[in-house]
Amino acid sequence: MREWLRRRPGPWAMLAAAVIWQGLLLARTFAVLVTEPNQHLFTDRYDGAKNYFTFQAYLQQPFERGLLWFGQMNYPFGDYIFYTDNSPLLAVGVKLFSRYVYDLTPRGLDVYNGLLVGMMLLSTVLLVSILRRLLHSWVLIVGLSVMLPWLSPQLERLTVGHLNLSLSWVVLLGIWGLQRLYEHGEKGRPLGATVPVVVAGQTAAAFLHLYYLPIVGLYVGSFLAFWLLSSGRWRQPRLVLAGAAVALLPLLISFGLLRSLDGYYALRVPLVKQNSYDGPGLKLSPAALVHPYAYNRQHFPLESKAQPFDESTAYLGLFALWALLLVAGLYLLRRPQWQAWWRSWRLTSEARFVLLLLAATGVGLLAALGTRISLNPDGTLVLNNYLSVFYHLDRLVPNATHFRAVARFSWPFFWALHLLLLVGLDYWLRTGRSGWRWAAVPVLVLLAWLDTRDALKHYRHATVPNTISNPRFQPELTQMLTQVNTAEYQAILPIPYFHVGSEGQGLTIDDADAQSRHAYFLALRTGLPLLASKMSRTPHEQARQLLSLLQPGGPVPALKARLAGRPILVLYDDAFYRGDSTLAANQPEPEPRRIVRDGAAFIARHRMPLLAQAGTLRLYRWELE
């Protein structure tokens with residue numbers, strides 16, 4: 001049996017086995033996305049609903065508007081695709097495919113879901129490539145390459161709504177590149193295509209979500225600094241240049257492209273410093289590392305019962321936690337043998353790499369804790385986290401606070417810790433003398449499978465009805481649309497109004513989730529753009545003009561001129577103008593509160609004729625004078 005386990009297949013055989021196994025798991029888990037088209041989303045709330053809407057609305061836009069333009073929000077100004085949070089790289093690819101090969105637009109959201117989950121195969125491919133250079137056991141290579149993507153904290157982003165942050169392959173690509181640089185640098189071999197592949201991959205990832213740039217860049221830069229300085233290889237210009245290229249070029253190229261392609265760049269107000277990195281919902285709670293997901297049936301003896309915020313999802317899983325407990329037990333009970341093993345293991349090239357990687361991702365873990373760590377429940381006693389890179393960056397580059405969801409910087413630590421444990425267990429299997437190690441390691445793998453099985457069961461039933469683009473799940477609006485000739489109108493004005501993303505004082509009107517979802521559905525069904533907006537970095541002047549629509553004096557002349565011609569279709573929800581609604585009171589500033597509070601008066605003031613009504617929803621016609 002042991003000889004069979006030691007007989008290692010070729011790299012292509014391991015890759016094929018892992019990809020086929022992962023493909024079968026994906027097909028089984030997400031089958032409903034194919035068998036029940038246009039029926040399912042991973043979430044229809046808040047940012048998730050917005051991301052789905054912007055993806056589908058972009059696909060439905062006339063191709064003649066160009067690939068970089070998005071005109072379905074912030075009408076009549078629109079904006080560039082980079083500011084829509086709709087995974088621009090995927091959206092452009094699907095739009096081009098739909099134009100020149102086969103039209104996928106009617107099933108756009110199914111395609112989007114399929115791309116998001118299908119990219120787990122990339123994670124498996126990268127893990128096989130990484131692990132086969134670190135491990136000798138092919139069972140560990142194939143098994144963990146399949147299971148770990150299901151245990152990654154990033155996968156939880158699917159149901160939270162940050163869809164394009166669920167792609168663990170982006171973090172793994174950075175690790176793959178570091179491994180290649182380290183191996184080639186240690187052996188003095190040519191670097192080959194490693195640098196251009198990693199630079200291209202990370203640059204592309206920036207156009208899936210900009211957060212990938214600092215998340216990957218921080219641990220890549222930290223690893224290179226630790227390695228080159230500790231080994232003396234900082235004297236080798238070839239390695240220094242390669243390291244600088246991997247760490248900095250994706251950042252420079254991405255922002256260079258954004259600046260050159262953004263026609264509104266000159267209109268956007270320079271980024272201003274945000275409040276801090278220390279909002280409780282934005283930083284990592286250490287207890288989250290041992291807080292199991294709600295669907296986990298098996299539990300570690302030590303765990304947190306307090307529910308962490310969505311951003312603080314960071315559960316390490318049974319494999320890692322029990323492996324750490326095993327290491328601690330061996331250290332306490334068999335210290336001489338453990339120390340002898342440690343002295344020999346840490347000299348291996350595999351151990352040196354994963355230890356450096358753990359230290360580098362530890363920089364991100366420290367940053368994820370925030371710059372001020374509360375030491376008591378009410379937060380009156382805090383510890384200044386001088387080890388957070390953002391503690392110092394905050395003073396040097398205030399604009400960096402726009403990457404203030406620092407809990408996300410803990411994600412690479414998950415991978416580094418698992419790689420470290422796998423390398424240690426693999427070495428123990430090869431060199432240890434205890435016969436029971438052949439039972440302990442399979443038990444740990446079984447624990448990883450139990451967590452994976454729970455994840456598979458959870459995601460098999462984790463979808464919600466498609467209330468964004470399927471008429472079946474929006475009966476009230478579907479009924480009203482039969483009474484309105486939408487071709488007569490130029491745009492939709494939702495009341496309560498919302499405009500999120502400009503981040504200017506007095507310019508943010510937070511949306512009510514139910515109302516924005518109704519607006520998204522109406523826009524997709526009619527093809528009409530929204531005068532509302534939920535994007536990022538919208539030019540302040542455009543936001544001011546749009547807010548003038550809701551002010552007593554009416555729209556400013558410049559906006560009124562742009563809207564002259566056809567009427568506006570007004571979507572009004574009376575549910576937010578009853579006594580129990582807190583939407584107006586929860587707005588951040590006085591003018592937004594007034595605009596939301598006066599929605600009903602706005603309809604009456606302009607004597608808008610009622611077109612249709614269903615439940616609390618009404619459609620009105622607004623003829624601008």
# chains A, B, ... in the order shown; residues from 1 in each chain; ligands from 1

$ residues_around --residues "stretch 318-326 of chain A" --least-positions-apart "4" --cutoff "6 Å" --atoms "only C-alpha atoms" --output "PyMOL selection string"
chain A and resi 444+447-448

$ select_by_dssp --residues "stretch 78-172 of chain A" --states "helix (DSSP H, G or I)" --output "NGL selection string"
:A and (81-83 or 88-100 or 105-118 or 120-131 or 138-151 or 153-160 or 163-165 or 169-172)

$ residues_around --residues "A:Pro412" --least-positions-apart "3" --cutoff "9 Å" --atoms "only C-alpha atoms" --output "ChimeraX atom specification"
/A:171-172,175,215-216,219,358,361-362,364-365,408-409,415-417

$ select_by_dssp --residues "stretch 231-407 of chain A" --states "strand (DSSP E or B)" --output "ChimeraX atom specification"
/A:372-374,382-384

$ write_last_selection --atoms "C-alpha atoms" --output "short mmCIF file (atom, residue, chain, number, x, y, z; two decimals), in the first residue's frame"
data_model
loop_
_atom_site.label_atom_id
_atom_site.label_comp_id
_atom_site.auth_asym_id
_atom_site.auth_seq_id
_atom_site.Cartn_x
_atom_site.Cartn_y
_atom_site.Cartn_z
CA ARG A 372 -6.00 50.11 16.22
CA ILE A 373 -6.90 46.85 17.97
CA SER A 374 -9.59 47.00 20.65
CA VAL A 382 -6.93 50.11 22.13
CA LEU A 383 -3.52 48.91 21.00
CA ASN A 384 -1.87 50.88 18.23
#

$ atom_distance --atom1 "atom CA of A:Pro475" --atom2 "atom CA of A:Leu522"
11.5 Å

$ residues_around --residues "A:Pro149" --least-positions-apart "6" --cutoff "8 Å" --atoms "only C-alpha atoms" --output "PDB file with N, CA, C and O atoms, in the first residue's frame"
ATOM      1  N   MET A 120     -12.717  28.212 -10.534  1.00  0.00           N
ATOM      2  CA  MET A 120     -12.132  27.346  -9.517  1.00  0.00           C
ATOM      3  C   MET A 120     -11.209  26.314 -10.153  1.00  0.00           C
ATOM      4  O   MET A 120     -10.283  25.807  -9.500  1.00  0.00           O
ATOM      5  N   SER A 123      -7.805  27.659 -10.088  1.00  0.00           N
ATOM      6  CA  SER A 123      -7.190  27.491  -8.773  1.00  0.00           C
ATOM      7  C   SER A 123      -6.619  26.086  -8.628  1.00  0.00           C
ATOM      8  O   SER A 123      -5.510  25.901  -8.104  1.00  0.00           O
ATOM      9  N   THR A 124      -7.363  25.088  -9.083  1.00  0.00           N
ATOM     10  CA  THR A 124      -6.875  23.711  -9.004  1.00  0.00           C
ATOM     11  C   THR A 124      -5.630  23.514  -9.859  1.00  0.00           C
ATOM     12  O   THR A 124      -4.663  22.868  -9.434  1.00  0.00           O
ATOM     13  N   LEU A 155     -14.274  32.141  -1.323  1.00  0.00           N
ATOM     14  CA  LEU A 155     -15.473  31.571  -1.929  1.00  0.00           C
ATOM     15  C   LEU A 155     -16.740  32.115  -1.283  1.00  0.00           C
ATOM     16  O   LEU A 155     -17.790  32.214  -1.928  1.00  0.00           O
ATOM     17  N   SER A 168     -10.034  32.861  -6.143  1.00  0.00           N
ATOM     18  CA  SER A 168      -8.811  32.541  -5.410  1.00  0.00           C
ATOM     19  C   SER A 168      -7.624  32.316  -6.325  1.00  0.00           C
ATOM     20  O   SER A 168      -6.473  32.384  -5.874  1.00  0.00           O
TER      21      SER A 168
END

$ residues_around --residues "stretch 500-511 of chain A" --least-positions-apart "6" --cutoff "10 Å" --atoms "only C-alpha atoms" --output "PyMOL selection string"
chain A and resi 46+83-84+268-269+271-272+274+517+532-544+546-547+583-584+586-593+595-596

$ atom_distance --atom1 "atom CA of A:Gly279" --atom2 "atom CA of A:Ala206"
24.6 Å

$ residues_around --residues "A:Gly217" --least-positions-apart "5" --cutoff "12 Å" --atoms "only C-alpha atoms" --output "ChimeraX atom specification"
/A:170-171,173-175,177-178,198-199,202-203,205-206,210-212,222-225,243-252,360-361,363-364,409,412

$ write_last_selection --atoms "N, CA, C and O atoms" --output "compact mmCIF listing (two decimals), in the first residue's frame"
# COMPACT_ATOMS: atom_id res chain seq x y z
N VAL A 170 -6.37 34.27 -8.34
CA VAL A 170 -5.56 35.48 -8.42
C VAL A 170 -4.46 35.46 -7.36
O VAL A 170 -3.29 35.74 -7.63
N VAL A 171 -4.84 35.11 -6.13
CA VAL A 171 -3.86 35.02 -5.05
C VAL A 171 -2.87 33.89 -5.33
O VAL A 171 -1.66 34.02 -5.11
N LEU A 173 -1.95 32.75 -8.22
CA LEU A 173 -1.04 33.11 -9.32
C LEU A 173 0.18 33.85 -8.78
O LEU A 173 1.31 33.62 -9.23
N GLY A 174 -0.02 34.73 -7.82
CA GLY A 174 1.11 35.43 -7.21
C GLY A 174 2.04 34.45 -6.51
O GLY A 174 3.27 34.57 -6.60
N ILE A 175 1.49 33.46 -5.80
CA ILE A 175 2.31 32.46 -5.12
C ILE A 175 3.06 31.61 -6.14
O ILE A 175 4.24 31.30 -5.97
N GLY A 177 4.03 32.52 -9.09
CA GLY A 177 5.12 33.33 -9.63
C GLY A 177 6.28 33.44 -8.66
O GLY A 177 7.46 33.35 -9.05
N LEU A 178 5.98 33.63 -7.37
CA LEU A 178 7.05 33.71 -6.37
C LEU A 178 7.82 32.40 -6.28
O LEU A 178 9.05 32.39 -6.14
N VAL A 198 3.12 36.39 -14.80
CA VAL A 198 2.56 36.91 -13.55
C VAL A 198 2.12 38.36 -13.72
O VAL A 198 1.05 38.75 -13.25
N VAL A 199 2.92 39.17 -14.39
CA VAL A 199 2.55 40.57 -14.61
C VAL A 199 1.26 40.66 -15.41
O VAL A 199 0.34 41.42 -15.07
N GLN A 202 -1.73 39.37 -13.16
CA GLN A 202 -2.15 40.30 -12.11
C GLN A 202 -2.73 41.58 -12.69
O GLN A 202 -3.64 42.18 -12.10
N THR A 203 -2.23 42.02 -13.83
CA THR A 203 -2.81 43.20 -14.48
C THR A 203 -4.24 42.90 -14.93
O THR A 203 -5.14 43.72 -14.74
N ALA A 205 -6.19 40.72 -13.58
CA ALA A 205 -7.01 40.60 -12.37
C ALA A 205 -7.46 41.96 -11.85
O ALA A 205 -8.53 42.08 -11.26
N ALA A 206 -6.64 42.99 -12.06
CA ALA A 206 -7.03 44.33 -11.63
C ALA A 206 -8.31 44.78 -12.31
O ALA A 206 -9.07 45.60 -11.76
N LEU A 210 -10.10 45.89 -8.43
CA LEU A 210 -8.85 46.60 -8.13
C LEU A 210 -8.22 46.16 -6.81
O LEU A 210 -7.02 46.34 -6.61
N TYR A 211 -9.01 45.60 -5.90
CA TYR A 211 -8.45 45.18 -4.62
C TYR A 211 -7.37 44.10 -4.78
O TYR A 211 -6.52 43.92 -3.90
N TYR A 212 -7.42 43.36 -5.88
CA TYR A 212 -6.42 42.32 -6.07
C TYR A 212 -5.01 42.91 -6.16
O TYR A 212 -4.03 42.24 -5.80
N SER A 222 6.58 41.83 0.07
CA SER A 222 7.15 41.41 1.34
C SER A 222 8.03 40.17 1.17
O SER A 222 9.13 40.08 1.74
N PHE A 223 7.56 39.21 0.39
CA PHE A 223 8.34 37.99 0.16
C PHE A 223 9.68 38.33 -0.49
O PHE A 223 10.74 37.85 -0.06
N LEU A 224 9.64 39.15 -1.54
CA LEU A 224 10.87 39.49 -2.24
C LEU A 224 11.83 40.24 -1.33
O LEU A 224 13.05 40.00 -1.37
N ALA A 225 11.30 41.13 -0.50
CA ALA A 225 12.17 41.86 0.42
C ALA A 225 12.81 40.90 1.43
O ALA A 225 14.03 40.95 1.67
N GLY A 243 11.94 40.98 -9.44
CA GLY A 243 11.07 41.18 -8.30
C GLY A 243 10.31 42.49 -8.38
O GLY A 243 9.11 42.56 -8.11
N ALA A 244 11.01 43.55 -8.76
CA ALA A 244 10.36 44.86 -8.90
C ALA A 244 9.28 44.82 -9.97
O ALA A 244 8.21 45.42 -9.83
N ALA A 245 9.56 44.09 -11.06
CA ALA A 245 8.57 43.99 -12.14
C ALA A 245 7.31 43.28 -11.67
O ALA A 245 6.19 43.74 -11.92
N VAL A 246 7.49 42.17 -10.95
CA VAL A 246 6.33 41.41 -10.48
C VAL A 246 5.53 42.20 -9.46
O VAL A 246 4.29 42.17 -9.45
N ALA A 247 6.22 42.95 -8.60
CA ALA A 247 5.53 43.68 -7.53
C ALA A 247 4.91 44.98 -8.02
O ALA A 247 3.83 45.37 -7.54
N LEU A 248 5.57 45.68 -8.95
CA LEU A 248 5.15 47.04 -9.28
C LEU A 248 4.50 47.19 -10.65
O LEU A 248 3.63 48.05 -10.83
N LEU A 249 4.92 46.39 -11.63
CA LEU A 249 4.39 46.60 -12.98
C LEU A 249 2.87 46.44 -13.08
O LEU A 249 2.22 47.23 -13.76
N PRO A 250 2.26 45.43 -12.44
CA PRO A 250 0.79 45.36 -12.52
C PRO A 250 0.12 46.64 -12.02
O PRO A 250 -0.87 47.11 -12.62
N LEU A 251 0.66 47.22 -10.94
CA LEU A 251 0.10 48.45 -10.40
C LEU A 251 0.26 49.60 -11.39
O LEU A 251 -0.70 50.33 -11.69
N LEU A 252 1.45 49.76 -11.93
CA LEU A 252 1.72 50.88 -12.84
C LEU A 252 0.94 50.74 -14.15
O LEU A 252 0.37 51.71 -14.65
N ALA A 360 5.71 36.51 4.71
CA ALA A 360 5.22 37.56 3.81
C ALA A 360 3.72 37.75 3.93
O ALA A 360 3.22 38.88 3.99
N THR A 361 2.98 36.65 3.99
CA THR A 361 1.53 36.78 4.14
C THR A 361 1.16 37.20 5.55
O THR A 361 0.06 37.74 5.77
N VAL A 363 2.49 39.64 6.97
CA VAL A 363 2.43 41.10 6.87
C VAL A 363 0.99 41.52 6.53
O VAL A 363 0.45 42.48 7.10
N GLY A 364 0.36 40.80 5.61
CA GLY A 364 -1.03 41.08 5.28
C GLY A 364 -1.97 40.76 6.42
O GLY A 364 -2.95 41.47 6.65
N PHE A 409 -6.93 41.48 3.30
CA PHE A 409 -5.50 41.23 3.19
C PHE A 409 -5.09 39.97 3.95
O PHE A 409 -3.92 39.57 3.88
N PRO A 412 -4.32 35.78 1.63
CA PRO A 412 -3.11 35.01 1.26
C PRO A 412 -2.57 34.16 2.42
O PRO A 412 -1.94 33.12 2.18

$ closest_residue --among "A:Phe602, A:Ala367, A:Gly554, A:Gln154" --to "A:Asp310" --atoms "only C-alpha atoms"
A:Gln154

$ residues_around --residues "stretch 421-425 of chain A" --least-positions-apart "6" --cutoff "7 Å" --atoms "only C-alpha atoms" --output "PDB file with all heavy atoms, in the first residue's frame"
ATOM      1  N   LEU A 134       6.509  21.078  -4.325  1.00  0.00           N
ATOM      2  CA  LEU A 134       6.740  21.115  -2.883  1.00  0.00           C
ATOM      3  C   LEU A 134       6.577  19.761  -2.206  1.00  0.00           C
ATOM      4  O   LEU A 134       7.206  19.510  -1.176  1.00  0.00           O
ATOM      5  CB  LEU A 134       5.762  22.110  -2.223  1.00  0.00           C
ATOM      6  CG  LEU A 134       5.889  23.581  -2.611  1.00  0.00           C
ATOM      7  CD1 LEU A 134       4.745  24.387  -1.983  1.00  0.00           C
ATOM      8  CD2 LEU A 134       7.229  24.152  -2.180  1.00  0.00           C
ATOM      9  N   LEU A 135       5.717  18.906  -2.761  1.00  0.00           N
ATOM     10  CA  LEU A 135       5.359  17.654  -2.104  1.00  0.00           C
ATOM     11  C   LEU A 135       5.812  16.458  -2.931  1.00  0.00           C
ATOM     12  O   LEU A 135       5.957  16.540  -4.156  1.00  0.00           O
ATOM     13  CB  LEU A 135       3.843  17.572  -1.893  1.00  0.00           C
ATOM     14  CG  LEU A 135       3.154  18.764  -1.226  1.00  0.00           C
ATOM     15  CD1 LEU A 135       1.661  18.490  -1.086  1.00  0.00           C
ATOM     16  CD2 LEU A 135       3.772  19.079   0.121  1.00  0.00           C
ATOM     17  N   GLU A 350      12.093  23.461   0.046  1.00  0.00           N
ATOM     18  CA  GLU A 350      10.640  23.596   0.167  1.00  0.00           C
ATOM     19  C   GLU A 350      10.270  24.326   1.456  1.00  0.00           C
ATOM     20  O   GLU A 350       9.402  25.213   1.460  1.00  0.00           O
ATOM     21  CB  GLU A 350       9.964  22.224   0.135  1.00  0.00           C
ATOM     22  CG  GLU A 350      10.137  21.463  -1.157  1.00  0.00           C
ATOM     23  CD  GLU A 350      11.389  20.602  -1.163  1.00  0.00           C
ATOM     24  OE1 GLU A 350      12.195  20.722  -0.219  1.00  0.00           O
ATOM     25  OE2 GLU A 350      11.550  19.810  -2.117  1.00  0.00           O
ATOM     26  N   ALA A 351      10.942  23.945   2.541  1.00  0.00           N
ATOM     27  CA  ALA A 351      10.643  24.585   3.823  1.00  0.00           C
ATOM     28  C   ALA A 351      11.045  26.051   3.809  1.00  0.00           C
ATOM     29  O   ALA A 351      10.311  26.910   4.327  1.00  0.00           O
ATOM     30  CB  ALA A 351      11.362  23.846   4.949  1.00  0.00           C
TER      31      ALA A 351
END

$ atom_distance --atom1 "atom CA of A:Lys187" --atom2 "atom CA of A:Ala200"
24.7 Å
